[in-house]
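A.B. asks: Supplied in structure tokens, the structure appears directly below.
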There are 4 protein chains.
Amino acid sequence: MMDVCLFGVGLIGRVHAGNLARHPKVRLRYIVDPNREAAAKVAAATGAEIADTETVMNDPAVKMVFIASATRTHAELAMAAAAKGKAIFCEKPIDLDLKRTDECLAAVAKAGVPFQIGFNRRFDPSFRALKERLDGGEIGAVEQVIITSRDPEPETEEALAGGGGVFREMTIHDFDMARNMLGEEPVELFATGSSLVAPQYRKLGDYDTAMFILRTASGRQCHINNSVRTAYGYDQRIEVHGADGMLQAGNRLPTSVEMYGSNGISRDKPYYFFVERYAESYAAEIDHFISCVETGRSPAVTASDGRKAMILCEAALASARSGRFEPVKL
Amino acid sequence: MMDVCLFGVGLIGRVHAGNLARHPKVRLRYIVDPNREAAAKVAAATGAEIADTETVMNDPAVKMVFIASATRTHAELAMAAAAKGKAIFCEKPIDLDLKRTDECLAAVAKAGVPFQIGFNRRFDPSFRALKERLDGGEIGAVEQVIITSRDPEPETEEALAGGGGVFREMTIHDFDMARNMLGEEPVELFATGSSLVAPQYRKLGDYDTAMFILRTASGRQCHINNSVRTAYGYDQRIEVHGADGMLQAGNRLPTSVEMYGSNGISRDKPYYFFVERYAESYAAEIDHFISCVETGRSPAVTASDGRKAMILCEAALASARSGRFEPVKL
Amino acid sequence: MMDVCLFGVGLIGRVHAGNLARHPKVRLRYIVDPNREAAAKVAAATGAEIADTETVMNDPAVKMVFIASATRTHAELAMAAAAKGKAIFCEKPIDLDLKRTDECLAAVAKAGVPFQIGFNRRFDPSFRALKERLDGGEIGAVEQVIITSRDPEPETEEALAGGGGVFREMTIHDFDMARNMLGEEPVELFATGSSLVAPQYRKLGDYDTAMFILRTASGRQCHINNSVRTAYGYDQRIEVHGADGMLQAGNRLPTSVEMYGSNGISRDKPYYFFVERYAESYAAEIDHFISCVETGRSPAVTASDGRKAMILCEAALASARSGRFEPVKL
Amino acid sequence: MMDVCLFGVGLIGRVHAGNLARHPKVRLRYIVDPNREAAAKVAAATGAEIADTETVMNDPAVKMVFIASATRTHAELAMAAAAKGKAIFCEKPIDLDLKRTDECLAAVAKAGVPFQIGFNRRFDPSFRALKERLDGGEIGAVEQVIITSRDPEPETEEALAGGGGVFREMTIHDFDMARNMLGEEPVELFATGSSLVAPQYRKLGDYDTAMFILRTASGRQCHINNSVRTAYGYDQRIEVHGADGMLQAGNRLPTSVEMYGSNGISRDKPYYFFVERYAESYAAEIDHFISCVETGRSPAVTASDGRKAMILCEAALASARSGRFEPVKL
């Protein structure tokens, strides 16, 4: 049993808290969150102690930190943990600023501590199975990838104002999946964004509806479509076309019930949002990280993956303004 | 936290052990199993203590017992627990003998302890959702029910010799679902069995392939089909026809991946067997039972349900011999 | 171009009329129907001439007759056509009376004319593909067959009064498919019928809701379920379980459109009834018959198939009364 | 019965020939094709007469011409027919040259004859149902459209050399569907093409794999993906996202048969290519045109639709070279 600390008990933090509390190899020793009420609830449910950052960093029993706090605190916490030799699991993005991201990565590299970025979708059972079958050559060389990624509801204006914009907060996951599925790094990226759904996005100079095309050096192509609102829940699909066929991974439905009635045949909507849809992937990514720390293996999703996805976000912002393919160097 | 004991750490017992170890409201205090090696493994994994029946029964801190041991021990353990005022969760069947079943039920009733029979399928999310929609009137009055229930592989001759036959071990679950879905008690039952799959069944005078028709007093009908072997995993489906439509609950697949290739479009096989397919229902039935004990509510699946399903098994055995509708009094 | 005559322009007759008018190898020369208005409409649409039976039978240019008139006229028309050496396509049943059926078959046999019974489902592309794959050994030896066959709406009391009852009019098709899929002749049949849907059935001593189990000598089993009313259109499905897997042929939907909305995911209902669902099979059975007559091959669906299905109907009627397996000799 | 002439009996021409021969309102009087052998076959099968263009144009009984000959002949034949007052059904594209297209359209407009362009997909039952449901407001205002359009096999080098390139021959249909589904005209278009599949495309400066993004003035977006080769048949799907939900129209499969075996669950591949997949739409577009000519209504798919799709092709060619959004004026 290794002691661990969780920073941040917002929506994703609470998912991690539950998975850490259940995990047989670690003890959720501390939680840190400026919201005392939220922290108290999670502490009560998990048996963890509420602590401040200094206490955590100075406790040599704490071998791992899980950073799910506000984005602007990620880099600082990660660097502090690195300095103390603690293994780091960090939610994306590392930082909204690329230079600051690089400083953080340098500190982590210097400390030589394990670092995993929270691209949980890599651990979704369906996406992982698709990727393994791709790697197994089942459809030959990849030619095109199509990623559908649509949230069920827009963010509030407050939440948006504190964030990095829809590309850095939402599309970043899709950029990581694009890299993962293409099997080659993108070298060009085209983006276009619109304001069709929720005025708060336009107000902040952001987009609520967007499409992307990425292209690799050999000519492989990837399309992504995003929206911040569906009527039917979280829409998360990947389709990969190769020389010998196509692999699709679709949405998961809560039950297998189908109704045949006078209005047609109907089945459940997809799960509402990421907490439900990616429940298994959140547990699996934590499990992967803990297992890597325990065995000394390197995590499969690295700080560099986080950095590369952020570079694609920057290119997307530039392209949405320029209306042209922006070059990408990864 | 209430202390509980688990009797039996065979396949189903181990599923319960895992769910009990993870459950926040109970402590898996003891496990009892004549197989020392199996017991030791589960004890090590869960932190439970290996004990004998007497110790468990005499420990007043043990509020609940979970009986997943060999069928012939069910009634005796249940009666001993009842005598000590412990709540009882018992795997089906209570006993292969109806008279012995009745003695056990009488003892439980006299003791006034909570008793839940392990008809886990009642807690399967898809079957439960189907049932709730039925009860909500979504398809009007039920007219016909079709239950498909097929195991992936035959039992060994040894396992068969120690069991109660395929109707009492396998179909009993389907009989419970038939009662649950029909919304009226069956009054007649027709059964026919064949030996097409595995010679050990025929050798023991049993069937490996069977079909059933149940009928209620008002004329509602239910068909069940069983086989002890599929090529494609566990096949568990329910279809209910009512005045205003049909509700189906189908198999669950491990992933949502689909492959389009030169041989067609393919997706995953269903889960291999009950441990995987009914993982959620095993957890949910335990949770229901613990919550009932905690709150004083009566469990939704009772000893009487276990007894009635057993009566249907007896009628099925008689019908398979007589070739006619056998009357059933529930 | 061979001249042909169509007897009967009711619902099925009109389907045949359209297919005959479009067929490149025949000319729809005559139609015969006591309903002058209906006959006139079809004659106008197809260019056929309205005639009486005598004219048709005495016209040596008429090489084939298609009998889709009232059931009680089938045997007489078939025998008259046989006597004149004309090839006969006859809707099922040949006659409601088995003795009369045998007389008709004898006359046809004596005349040596081609005879095809209108079991159109044998020519449904999906059922035919399923059967071919069965015959190709794709799932090994057949063990169980499940046939779902449900009409969208009950017959009127008038229509029922003039017919042979639901087993002889509706289930007869399912009995033929059962024989076709089992690959062995049934030797026992169990039936149970209820009155849950429409009082006119009960009034006439008939059933509107029924279930069946057929069994072959080697122990293969077949279940059929019937209802005269669905809320969602015509429900026609076949499922065959064999040693190496399962083959299913399901309903066909008018379009591939799916709607994802706040109430779930919905798609089209199945086609409303046989005219739409079996459009291709009606065309294909006619085409098969014409091709057989042209080339001298024997039709794949014979008078004997019609007779055997009728024997199964008789056994079903007996079983629904006796409550037991009735023996069947085919 | 109106006399009609068919120009061209290549693959699509033969589809039209069959539909015209079966159509109750017209007589396929003439066919014109420089390939005498092909013409002879179709003439024999349909009863049409082989003729030269002059004869056809000078026969006042010929009320309609169907132009399915080589692309370079379209405009000349259309102008000749217009001059003679004949109604014109013309395969796309009208001409590869936009100026020539405009001359043709001017001639048709001046003559005032009905003109329909062969965008058959508008008449596909599933796409048409989707469009009607869009127009009925079922998912509210359109926000994004995703079109998947993939051919089963590349063209030969010979065929490519004589054609207008993959955008003008293949994507043109998708551009028409994009306009149809977006409900607003595109004002910008981005395209990128690769050579991943078949060297003959690269050799001719063309692409075998391409992606597109179209954008309307209000910010609606449409993605198209194309490939000239699949392993699994013709892939033709449309997905439309609106404020209140999503509508999808997927591929059609030849049968409803599903196989459950040890390798998973499999069903049929989609239809191989357009002749099979769009069989109903080819018949329906002809029927629509004939009905328009008969009743004096204007065809739903006009010369202007053909011209606008061609303008989108030109923009796509420019964008694939420039790497930027190209403006489009429709």
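By order in the structure tokens, chains are A, B, ...; within a chain, residues start at 1; ligands start at 1, following the order shown.
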Check every residue of chain D for an atom within 12 Å of chain B, counting only C-alpha atoms, and provide those that qualify as a ChimeraX atom specification.
C.D. replies: /D:152,229-235,251,253-272
A.B. asks: If we count only C-alpha atoms, what is near range 37-48 of chain B at a cut-off of 9 Å, once residues fewer than 4 positions away on the same chain are taken out, given as a list in words?
C.D. replies: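 The residues that qualify are Cys5, Gly8, Val9, Gly10, Arg14, Ala17, Gly18, Leu20, Ala21, Arg22, Arg27, Leu28, Arg29, Tyr30, Ile31, Val32 and Asp33 of chain B.
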A.B. asks: Could you pull out the strand (DSSP E) residues of range 82-269 of chain C from DSSP and send them as a ChimeraX atom specification?
C.D. replies: /C:87-90,115-117,142-150,186-194,209-216,221-227,235-242,245-249,257-261,264-267
A.B. asks: Hey, which of C:Ala129, C:Val4, C:Cys222, C:Val142 ends up closest to Phe190 in chain C? Count only C-alpha atoms.
C.D. replies: C:Cys222
A.B. asks: Identify, on the basis of only C-alpha atoms, every residue whose closest approach to Glu169 in chain D does not exceed 10 Å; exclude the query and any residue fewer than 3 positions from it along the same chain; express the result as a PyMOL selection string.
C.D. replies: chain D and resi 71+92-93+96+160+163-166+172-173+310+313
A.B. asks: Name all residues at most 8 Å from His16 in chain C (count only C-alpha atoms; drop same-chain ones fewer than 2 positions away) and give them as number ranges by chain.
C.D. replies: C: 6, 12-14, 18-20, 282-283, 286
A.B. asks: Could you find all residues in range 102-276 of chain B that DSSP calls helix (DSSP H, G or I) from the backbone, and write them as a ChimeraX atom specification?
C.D. replies: /B:102-111,120-123,125-135,157-161,166-182,199-203,274-276
A.B. asks: Please provide as a PyMOL selection string all residues within 10 Å of Glu314 in chain C, with the sequence filter that same-chain residues fewer than 5 positions apart are discarded (counting only C-alpha atoms).
C.D. replies: chain C and resi 96-98+167-168+308-309+319+326+328
A.B. asks: Give me, as a list in words, all polymer residues having an atom no more than 8 Å from Ala75 in chain A, counting only C-alpha atoms and skipping those fewer than 6 positions away in the same chain.
C.D. replies: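 These residues fall inside the cut-off: Ile94, Asp95, Arg100, Thr101 and Cys104 of chain A.
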A.B. asks: Since we have the selection now, will you write its residues out, keeping C-alpha atoms, as a PDB file, in the first residue's frame?
C.D. replies:
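That gives us result-v2.pdb:
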ATOM      1  CA  ILE A  94      -0.278  20.668 -18.116  1.00  0.00           C
ATOM      2  CA  ASP A  95      -0.562  24.401 -18.656  1.00  0.00           C
ATOM      3  CA  ARG A 100       5.381  27.028 -18.937  1.00  0.00           C
ATOM      4  CA  THR A 101       4.524  23.481 -20.074  1.00  0.00           C
ATOM      5  CA  CYS A 104       7.347  21.763 -16.143  1.00  0.00           C
TER       6      CYS A 104
END
A.B. asks: Contacts of Tyr201 in chain D at 9 Å or less, counting only C-alpha atoms, minus same-chain residues fewer than 2 places along, as a list in words?
C.D. replies: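 My reading of the contact set: Pro154, Glu155, Glu157, Leu160, Gly165, Val166, Ser195, Val197, Ala198, Pro199, Lys203, Leu204, Gly205, Asp206, Tyr207 and Asp208 of chain D.
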A.B. asks: Next, the residues of the selection above should be written as a tab-separated table (two decimals), in the first residue's frame with N, CA and C atoms.
C.D. replies:
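Listing of again-v6.tsv after writing:
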chain	number	residue	atom	x	y	z
D	154	PRO	N	-10.94	1.31	-57.19
D	154	PRO	CA	-10.45	2.42	-58.00
D	154	PRO	C	-10.85	2.24	-59.47
D	155	GLU	N	-10.88	3.33	-60.18
D	155	GLU	CA	-11.05	3.29	-61.64
D	155	GLU	C	-9.74	2.84	-62.28
D	157	GLU	N	-6.74	3.14	-65.14
D	157	GLU	CA	-6.06	4.32	-65.68
D	157	GLU	C	-6.77	4.83	-66.94
D	160	LEU	N	-9.85	6.73	-65.97
D	160	LEU	CA	-9.48	8.00	-65.35
D	160	LEU	C	-9.04	9.03	-66.38
D	165	GLY	N	-11.62	13.68	-63.36
D	165	GLY	CA	-10.97	13.64	-62.05
D	165	GLY	C	-11.97	13.28	-60.97
D	166	VAL	N	-11.41	12.85	-59.85
D	166	VAL	CA	-12.25	12.25	-58.81
D	166	VAL	C	-13.21	13.25	-58.19
D	195	SER	N	-2.62	10.51	-52.13
D	195	SER	CA	-2.49	9.34	-53.01
D	195	SER	C	-2.01	8.18	-52.16
D	197	VAL	N	-3.81	4.95	-52.32
D	197	VAL	CA	-4.50	3.72	-52.71
D	197	VAL	C	-4.03	3.16	-54.04
D	198	ALA	N	-4.03	3.96	-55.07
D	198	ALA	CA	-3.86	3.45	-56.43
D	198	ALA	C	-3.00	4.43	-57.22
D	199	PRO	N	-1.84	3.99	-57.71
D	199	PRO	CA	-0.87	4.92	-58.34
D	199	PRO	C	-1.41	5.65	-59.56
D	203	LYS	N	-0.47	9.48	-60.78
D	203	LYS	CA	0.12	9.64	-62.10
D	203	LYS	C	-0.58	10.71	-62.92
D	204	LEU	N	-1.89	10.81	-62.73
D	204	LEU	CA	-2.68	11.78	-63.47
D	204	LEU	C	-2.88	13.07	-62.68
D	205	GLY	N	-2.11	13.21	-61.58
D	205	GLY	CA	-2.24	14.43	-60.77
D	205	GLY	C	-3.52	14.47	-59.95
D	206	ASP	N	-4.10	13.33	-59.76
D	206	ASP	CA	-5.39	13.27	-59.06
D	206	ASP	C	-5.20	12.65	-57.66
D	207	TYR	N	-6.26	12.55	-56.90
D	207	TYR	CA	-6.24	12.03	-55.54
D	207	TYR	C	-7.13	10.80	-55.44
D	208	ASP	N	-6.75	9.87	-54.57
D	208	ASP	CA	-7.63	8.72	-54.35
D	208	ASP	C	-8.25	8.73	-52.96
